[in-house]
Amino acid sequence: MLQKYINFIKGISVNWFGRIGVILTTSSFISFILIQLGWITGILNNAYIGLITYLMFPSLFILGLILIPAGWFLYRRTTGKTTNELLNERFDPKDLKTEIFGSSTFLMILFLTSINILFMGGASIRMLHFMDQPRFCGTACHSVMNPEWTTYNVSPHARVKCVQCHVGEGFHALLNSKINGMWQMVSITFSLYEKPIPTPIHQLRPARETCEKCHWPEKFYGNRLKTILHYSNDYFSVPVYTTLNLKIDTEKAAQKSGIHWHIGKENEVRYTSADDKRKKIIWVESKKPDGTFIRYNNIYTFKNDTEAKYVRTMDCVDCHNRATHIYENPESALDKSIHRGLIDRSLPYIRRESLTALTRDYSGSEYAVKEISNHLHGFYSRNFPDLSKSKFESINEVVKVLSNIYKKNIHPQMNITWGSYPSFIGHKNDSGCFRCHNENLIDRYGQTIPYDCTLCHSILANGDSDPLKYLKQPSESDPDYPMQLFLGNEFLKSLYE
């Protein structure tokens, strides 16, 4: 069998085209098999090796298969001989002798063709499987996708594959993603991409095809008590609390609804914005019970903003716009680290000085780590020399925590800094809810979209030392007495509505 294969290879290697084709086909096939064994055994898992294995080797294999008949055709034209004459010239007559199942040459061609089909089929399946893995998405284009890969790995959706949200189900979705992927490869090759990468709002699959596979809108009911912990910038970094009772209901039977009213199956909200950042809203339309829409126009819209824009139907990602690739603001990142005990709160002014060190401009991660260390050690050695010695290791631990926060959220090579990717959940660090819920969007009757404080949540504390301050009877001498009384009563009333 081996000798017949060798004879066949010699027979089709009629010129340099044929020889190069044989070399490419054989070497790429063997290399693919060897590296595939490395993948299966876990020896290899690098995304770049995967690109070579599943993209380059199959491409070389196909190129080799094309060169072999091309060489044969060129040889036939050069010699002026017929195919039969060339077969008799290049192959042993015994191999051309017709038997029950055909000649040996025919059977060899049939066998190798079957191998080729199986190889290409298997390679295609493995290629699709490989390209569906988060590691490929995050590391194949390291310089560009490293920020997204970093945030993905520490996100609430770290066990959800990228393709489940960015591609979706079905052949059409797969085809579109591959076409888009080809353009992305061109963009990376010729540095045509933007820095930072814009949020791909136009390319995201509808939330009903992605988010709602796990999150069931009809079950978004009831309220949720949420306590947000912050720390002050004073000597002791004192904890302060903001406590909200979030009204989540989509229910309308009892003439009440909450935050998830926007995605209730009987509701529809659509809008257009000045750009893809979706911060400046031009108009909003809300569907009424009779099926018509009422429009709220922005009274401060400029003339050039009224031109045709992308009209979007509101879904989950219009508020949960950073559900996975979450870039924190420095204050929240610090507060979480202090709360988890990663930062020693006994260090004087630690929250204030950490925030100062984090929010300075640095040229790169290595320089940032060095300067963060210099800042903290310098501050304590100047102002608390004895403590700087006794708490030296604690200060070093803070430096490590701050360095990790910086590396996760700041990526100078992609022009990503604090606030590059704001979250629209709430309205503390960006406009969020108030993009639409404000006094500037007015319908034809002069009515605005409601924007009062208790529309979506009751407030039980707002930057106070007591997390349930407004539930307690306020002192009449307190200048905030009317507000505290109102907010406490509003919460109690909301429980019975």
# chains A, B, ... in the order shown; residues from 1 in each chain; ligands from 1
>>> select_by_dssp(residues="stretch 50-189 of chain A", states="helix (DSSP H, G or I)", output="ChimeraX atom specification")
/A:50-79,83-90,93-96,104-131,134-139,142-152,162-166,171-189
>>> closest_residue(among="A:Asp464, A:Gln184, A:Ile197, A:Pro412", to="A:Ser363", atoms="only C-alpha atoms")
A:Pro412
>>> residues_around(residues="stretch 438-454 of chain A", least_positions_apart="4", cutoff="6 Å", atoms="only C-alpha atoms", output="number ranges by chain")
A: 295-299, 434, 458
>>> write_last_selection(atoms="N, CA and C atoms", output="PDB file, in the first residue's frame")
ATOM      1  N   ARG A 295     -44.865  60.530  21.218  1.00  0.00           N
ATOM      2  CA  ARG A 295     -43.461  60.917  21.082  1.00  0.00           C
ATOM      3  C   ARG A 295     -43.114  62.065  22.035  1.00  0.00           C
ATOM      4  N   TYR A 296     -41.913  61.943  22.616  1.00  0.00           N
ATOM      5  CA  TYR A 296     -41.346  62.988  23.464  1.00  0.00           C
ATOM      6  C   TYR A 296     -40.106  63.528  22.753  1.00  0.00           C
ATOM      7  N   ASN A 297     -40.139  64.790  22.367  1.00  0.00           N
ATOM      8  CA  ASN A 297     -39.032  65.401  21.642  1.00  0.00           C
ATOM      9  C   ASN A 297     -38.138  66.197  22.586  1.00  0.00           C
ATOM     10  N   ASN A 298     -36.850  66.162  22.301  1.00  0.00           N
ATOM     11  CA  ASN A 298     -35.888  66.931  23.086  1.00  0.00           C
ATOM     12  C   ASN A 298     -35.951  68.391  22.649  1.00  0.00           C
ATOM     13  N   ILE A 299     -36.290  69.278  23.575  1.00  0.00           N
ATOM     14  CA  ILE A 299     -36.459  70.688  23.218  1.00  0.00           C
ATOM     15  C   ILE A 299     -35.129  71.362  22.910  1.00  0.00           C
ATOM     16  N   PHE A 434     -31.453  59.256  33.449  1.00  0.00           N
ATOM     17  CA  PHE A 434     -31.839  60.623  33.125  1.00  0.00           C
ATOM     18  C   PHE A 434     -31.566  60.996  31.672  1.00  0.00           C
ATOM     19  N   SER A 458     -37.375  53.408  46.184  1.00  0.00           N
ATOM     20  CA  SER A 458     -37.546  54.136  47.439  1.00  0.00           C
ATOM     21  C   SER A 458     -36.162  54.342  48.044  1.00  0.00           C
TER      22      SER A 458
END
>>> residues_around(residues="A:Tyr349", least_positions_apart="2", cutoff="12 Å", atoms="only C-alpha atoms", output="list in words")
Tyr231, Ser232, Asn233, Asp234, Tyr235, Phe236, Ser237, Val238, Ile343, Asp344, Arg345, Ser346, Leu347, Arg351, Arg352, Glu353, Ser354, Leu355, Thr356, Leu376, Phe379, Tyr380, Asn383 and Phe384 of chain A
>>> closest_residue(among="A:Leu51, A:Ile416, A:Leu471, A:Leu334", to="A:Ser403", atoms="only C-alpha atoms")
A:Leu334
>>> closest_residue(among="A:Lys195, A:Cys137, A:Ser28, A:Ser155", to="A:Gly64", atoms="only C-alpha atoms")
A:Ser28
>>> select_by_dssp(residues="stretch 98-273 of chain A", states="strand (DSSP E or B)", output="number ranges by chain")
A: 223-231, 239-247, 269-273
